[in-house]
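**Q** I'd like to ask you about the structure that follows.
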Amino acid sequence: MKWLLATPGGTTPLAGSDDDAPLVGVIPGDDVALHRIELMETAQKGRLAEARMRATDLSAQPLEDLHLALGPPQPDGSAWLALIARERMAAHIGHFAAHGAEPQSITPAALLLPAPADAVASVATLDPFTLVRSTGFAAAADPLLAEALGALPQTPPPPFAAAFALPEVLLLDLRQGEFAARIRWWRLAWFRVAAGFLLVGILALALAPLAIDRIRTGAAADAADRITIQLATQALGQTQASPESAALALSAARIAAEGPAIGPRLSFVSASIEQTPAARLDSLRLLPDATIALVLAGPAEAINSARARLTAGPFVATAAARAVRIAARRTARPTSDAALPTAIARTLNAQSDASIVRRTAASPKPLSPQAIAAAFAAAGLEATPGNPIRIEAARATVLLPLLADLEARGARFASLGLTRNEDQTLSAQIGFAP
């Protein structure tokens with residue numbers, strides 16, 4: 001193969017020299033979101049349907065505006081999933097064409113880095129970006145963001161031209177679906193010989209396509225339903241009669257174990273803001289319907305980045321300007337009322353609910369005021385006694401995880417209000433339910 005890197009001013013050869021060999025285009029990938037996901041389906045049609053539902057939770061934009069590309073299954077059953085705006089994908093193809101190239105495949109540069117060893121990510125520089133590839137994600141990030149995420153090693157990372165490793169099989173080809181490369185049959189040496197066999201195969205398959213598809217779809221839906229029942233039986237210790245009742249039982253058990261999930265949402269808010277160093281939490285309060293309303297502060301670019309993370313997370317979230325509201329957990333939604341999408345969505349929700357039920361202990365006893373006060377003292381926070389408790393100054397990275405831990409230990413919040421002080425700390429008023 002011949003490998004060609006897209007640059008702002010044109011293209012640069014990476015490897016290969018045979019003009020007749022298949023051409024692979026490599027892009028920096030700063031406009032591509034890459035995720036490594038686990039898929040239950042094995043058939044290509046089912047894998048694409050499942051990946052599309054997973055993409056609904058991973059993307060902050062409507063899927064109609066995005067191009068989705070799914071890589072081949074890895075030995076562990078996972079696959080790389082890419083999300084990129086349609087206009088950006090078209091722009092990349094146009095960039096190669098404007099410089100006399102028409103690559104049959106296009107892949108992000110980060111996926112050409114060597115496979116990460118254990119928990120150590122592979123890192124390289126591709127000016128002005130830092131390329132990162134870990135076991136679960138890959139990206140072309142701003143160097144400051146990569147450093148904030150702890151992705152940079154102590155020694156300076158090598159340039160991409162010296163670090164990339166060409167794979168035998170592409171981990172991900174962005175040229176899929178509507179952006180697939182045009183196949184020029186007249187250039188294929190085996191076309192004339194294969195055409196006769198292909199015609200015979202098409203005629204044979206045309207006799208029973210609907211029956212074959214129905215059988216495969218029904219088998220895949222039955223397999224997903226069996227997984228849902230098995231998940232509920234293992235997590236709840238009771239045999240379930242149907243996938244519908246199993247999913248409902250798991251959902252009820254998750255709600256009973258997790259409650260309003262204020263703590264997990266606070267942890268999510270803290271982690272999202274930490275990943276955008278320039279963004280700050282200006283205020284936060286708990287609304288009567290258990291929705292968390294927060295206001296962000298900082299430069300516009302940082303606010304936009306933090307807001308995108310918050311609205312693309314595992315909780316239903318809405319945003320307007322600097323304000324963000326975070327409500328209940330997201331649930332997978334079927335793409336249609338057909339049996340297979342419905343069964344897959346039900347299984348995805350059952351997996352999430354079962355995971356929470358298994359890792360959440362039985363509802364703990366309510367924490368005493370003395371235990372709550374001791375927790376604040378252990379964290380180095382001075383809290384006024386009483387209910388609600390008043391804290392004059394605390395860092396968000398200390399306070400929010402502490403509140404999440406208190407809820408996990410049995411504390412229940414009656415009210416919660418956080419406001420940023422002039423020195424960037426937070427003042428808090430926290431009411432606990434008896």
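Identifiers in this document derive from the order of the structure tokens: chains are assigned A, B, ..., residues are numbered from 1 separately in each chain, and ligands are numbered from 1 in order of occurrence.
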For region 223-225 of chain A, please output as a list in words all residues within 9 Å (counting only C-alpha atoms; exclusion window: fewer than 4 positions along the same chain).

**A**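 Final neighbour list, sorted by chain and number: Met40, Glu41, Gly218, Ala219, Ile229, Gln230, Ser242, Pro243, Glu244, Leu340, Ala343, Ile344, Arg346 and Thr347 of chain A.
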
**Q** If DSSP is run on the backbone, what residues of region 315-414 of chain A are helix (DSSP H, G or I)? A reply as a ChimeraX atom specification would be ideal.

**A** /A:339-359,369-378,396-408

**Q** Could you take the residues named above and write them with N, CA and C atoms, as a short mmCIF file (atom, residue, chain, number, x, y, z; two decimals), in the first residue's frame?

**A**
data_model
loop_
_atom_site.label_atom_id
_atom_site.label_comp_id
_atom_site.auth_asym_id
_atom_site.auth_seq_id
_atom_site.Cartn_x
_atom_site.Cartn_y
_atom_site.Cartn_z
N ALA A 339 -38.21 -5.82 15.82
CA ALA A 339 -37.84 -6.69 16.94
C ALA A 339 -36.37 -6.57 17.31
N LEU A 340 -35.48 -6.55 16.30
CA LEU A 340 -34.05 -6.54 16.61
C LEU A 340 -33.59 -5.25 17.29
N PRO A 341 -33.88 -4.04 16.75
CA PRO A 341 -33.47 -2.83 17.46
C PRO A 341 -34.06 -2.73 18.85
N THR A 342 -35.31 -3.17 19.03
CA THR A 342 -35.93 -3.13 20.36
C THR A 342 -35.21 -4.05 21.32
N ALA A 343 -34.87 -5.25 20.88
CA ALA A 343 -34.18 -6.21 21.75
C ALA A 343 -32.78 -5.72 22.11
N ILE A 344 -32.06 -5.14 21.13
CA ILE A 344 -30.70 -4.65 21.40
C ILE A 344 -30.74 -3.49 22.40
N ALA A 345 -31.68 -2.54 22.21
CA ALA A 345 -31.79 -1.42 23.14
C ALA A 345 -32.11 -1.91 24.54
N ARG A 346 -33.00 -2.90 24.64
CA ARG A 346 -33.36 -3.44 25.95
C ARG A 346 -32.14 -4.10 26.62
N THR A 347 -31.34 -4.80 25.83
CA THR A 347 -30.15 -5.46 26.39
C THR A 347 -29.10 -4.44 26.83
N LEU A 348 -28.90 -3.39 26.06
CA LEU A 348 -27.94 -2.36 26.44
C LEU A 348 -28.33 -1.71 27.76
N ASN A 349 -29.63 -1.42 27.93
CA ASN A 349 -30.10 -0.85 29.19
C ASN A 349 -29.94 -1.85 30.33
N ALA A 350 -30.20 -3.13 30.05
CA ALA A 350 -30.05 -4.15 31.09
C ALA A 350 -28.59 -4.27 31.52
N GLN A 351 -27.65 -4.18 30.56
CA GLN A 351 -26.23 -4.23 30.91
C GLN A 351 -25.86 -3.09 31.85
N SER A 352 -26.30 -1.89 31.53
CA SER A 352 -25.99 -0.73 32.36
C SER A 352 -26.61 -0.88 33.76
N ASP A 353 -27.90 -1.26 33.81
CA ASP A 353 -28.57 -1.39 35.10
C ASP A 353 -27.94 -2.50 35.94
N ALA A 354 -27.62 -3.65 35.31
CA ALA A 354 -27.03 -4.76 36.06
C ALA A 354 -25.67 -4.37 36.62
N SER A 355 -24.88 -3.62 35.85
CA SER A 355 -23.56 -3.20 36.33
C SER A 355 -23.70 -2.32 37.57
N ILE A 356 -24.66 -1.40 37.56
CA ILE A 356 -24.86 -0.51 38.71
C ILE A 356 -25.36 -1.30 39.91
N VAL A 357 -26.28 -2.22 39.68
CA VAL A 357 -26.83 -3.03 40.79
C VAL A 357 -25.73 -3.87 41.42
N ARG A 358 -24.86 -4.47 40.59
CA ARG A 358 -23.81 -5.34 41.14
C ARG A 358 -22.77 -4.58 41.95
N ARG A 359 -22.43 -3.35 41.49
CA ARG A 359 -21.37 -2.63 42.21
C ARG A 359 -21.92 -1.75 43.33
N PRO A 369 -25.41 12.70 61.81
CA PRO A 369 -24.77 14.02 61.67
C PRO A 369 -23.30 14.00 62.10
N GLN A 370 -22.99 13.17 63.11
CA GLN A 370 -21.60 13.10 63.57
C GLN A 370 -20.70 12.49 62.48
N ALA A 371 -21.21 11.44 61.79
CA ALA A 371 -20.41 10.82 60.74
C ALA A 371 -20.22 11.77 59.56
N ILE A 372 -21.26 12.56 59.24
CA ILE A 372 -21.15 13.52 58.15
C ILE A 372 -20.12 14.60 58.49
N ALA A 373 -20.19 15.11 59.75
CA ALA A 373 -19.23 16.12 60.17
C ALA A 373 -17.80 15.58 60.15
N ALA A 374 -17.65 14.31 60.54
CA ALA A 374 -16.32 13.70 60.55
C ALA A 374 -15.76 13.58 59.13
N ALA A 375 -16.64 13.30 58.16
CA ALA A 375 -16.20 13.18 56.77
C ALA A 375 -15.69 14.51 56.24
N PHE A 376 -16.40 15.61 56.58
CA PHE A 376 -15.94 16.92 56.14
C PHE A 376 -14.61 17.27 56.80
N ALA A 377 -14.47 16.95 58.08
CA ALA A 377 -13.23 17.25 58.78
C ALA A 377 -12.06 16.46 58.19
N ALA A 378 -12.32 15.18 57.84
CA ALA A 378 -11.26 14.35 57.27
C ALA A 378 -10.79 14.88 55.93
N ALA A 396 -13.56 22.65 44.17
CA ALA A 396 -14.54 21.78 43.54
C ALA A 396 -14.04 20.34 43.45
N THR A 397 -12.73 20.17 43.21
CA THR A 397 -12.17 18.83 43.07
C THR A 397 -12.16 18.06 44.38
N VAL A 398 -12.35 18.76 45.50
CA VAL A 398 -12.44 18.11 46.80
C VAL A 398 -13.90 17.94 47.22
N LEU A 399 -14.68 18.99 47.05
CA LEU A 399 -16.05 18.98 47.56
C LEU A 399 -16.97 18.04 46.79
N LEU A 400 -16.95 18.10 45.45
CA LEU A 400 -17.89 17.30 44.68
C LEU A 400 -17.68 15.79 44.87
N PRO A 401 -16.43 15.27 44.78
CA PRO A 401 -16.24 13.84 45.06
C PRO A 401 -16.62 13.47 46.49
N LEU A 402 -16.41 14.39 47.46
CA LEU A 402 -16.79 14.10 48.84
C LEU A 402 -18.29 13.93 48.97
N LEU A 403 -19.07 14.80 48.32
CA LEU A 403 -20.53 14.68 48.37
C LEU A 403 -20.99 13.38 47.73
N ALA A 404 -20.34 12.98 46.63
CA ALA A 404 -20.69 11.71 45.98
C ALA A 404 -20.41 10.54 46.92
N ASP A 405 -19.29 10.60 47.63
CA ASP A 405 -18.95 9.53 48.57
C ASP A 405 -19.95 9.48 49.73
N LEU A 406 -20.37 10.64 50.21
CA LEU A 406 -21.35 10.65 51.30
C LEU A 406 -22.66 10.02 50.87
N GLU A 407 -23.12 10.28 49.65
CA GLU A 407 -24.37 9.67 49.20
C GLU A 407 -24.22 8.15 49.10
N ALA A 408 -23.05 7.69 48.62
CA ALA A 408 -22.82 6.25 48.50
C ALA A 408 -22.81 5.58 49.87
#

**Q** When distances are computed from only C-alpha atoms, which of A:Gly177, A:Pro277, A:Gly10, A:Gly380 shows the smallest separation from Ala97 (chain A)?

**A**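 Closest residue, counting only C-alpha atoms: A:Gly10.
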
**Q** Within 7 Å of Ala302 (chain A), counting only C-alpha atoms, which residues qualify if same-chain residues fewer than 6 places away don't, as a ChimeraX atom specification?

**A** /A:276,278-279

**Q** Have a look at A:Ile84, A:Leu171, A:Leu266, A:Ala246 and name the one nearest to Glu64 (chain A); count only C-alpha atoms.

**A**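 Closest residue, counting only C-alpha atoms: A:Ile84.
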
**Q** Taking the DSSP assignment computed from this structure's backbone, write out as a PyMOL selection string all residues of region 147-345 of chain A that belong to strand (DSSP E).

**A** chain A and resi 280-286+292-297+315-320+323-329

**Q** Quick one: distance from CA of Glu258 (chain A) to CA of Arg322 (chain A) in Å, one decimal?

**A**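 About the pair CA of Glu258 (chain A) and CA of Arg322 (chain A): they are 28.5 Å apart.
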
**Q** Compile the contact shell of region 411-420 of chain A as a list of chain:residue names: residues with an atom at most 8 Å away, counting only C-alpha atoms, same-chain residues fewer than 6 positions apart removed.

**A**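 Close residues of region 411-420 of chain A: A:Leu281, A:Asp282, A:Ser283, A:Leu284, A:Arg285, A:Leu286, A:Leu287, A:Pro366, A:Leu367, A:Ile372, A:Pro388, A:Leu426, A:Ser427, A:Ala428, A:Gln429, A:Ile430, A:Gly431, A:Phe432, A:Ala433, A:Pro434.
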
**Q** Please provide as a PyMOL selection string all residues within 12 Å of region 126-130 of chain A, with the sequence filter that same-chain residues fewer than 2 positions apart are discarded (counting only C-alpha atoms).

**A** chain A and resi 5-8+26-31+108-110+113+121-124+132-133+138-147+149+151-153+156-164

**Q** From the list A:Glu178, A:Arg333, A:Met53, A:Ala15, which residue is nearest Ala165 (chain A) when using only C-alpha atoms?

**A**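 Counting only C-alpha atoms, the residue closest to Ala165 (chain A) is A:Ala15.
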
**Q** Counting only C-alpha atoms, figure out which residue out of A:Thr12, A:Leu63, A:Ser17, A:Arg175 gets nearest to His92 (chain A).

**A**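 Among A:Thr12, A:Leu63, A:Ser17, A:Arg175, it is A:Arg175 that comes nearest to His92 (chain A).
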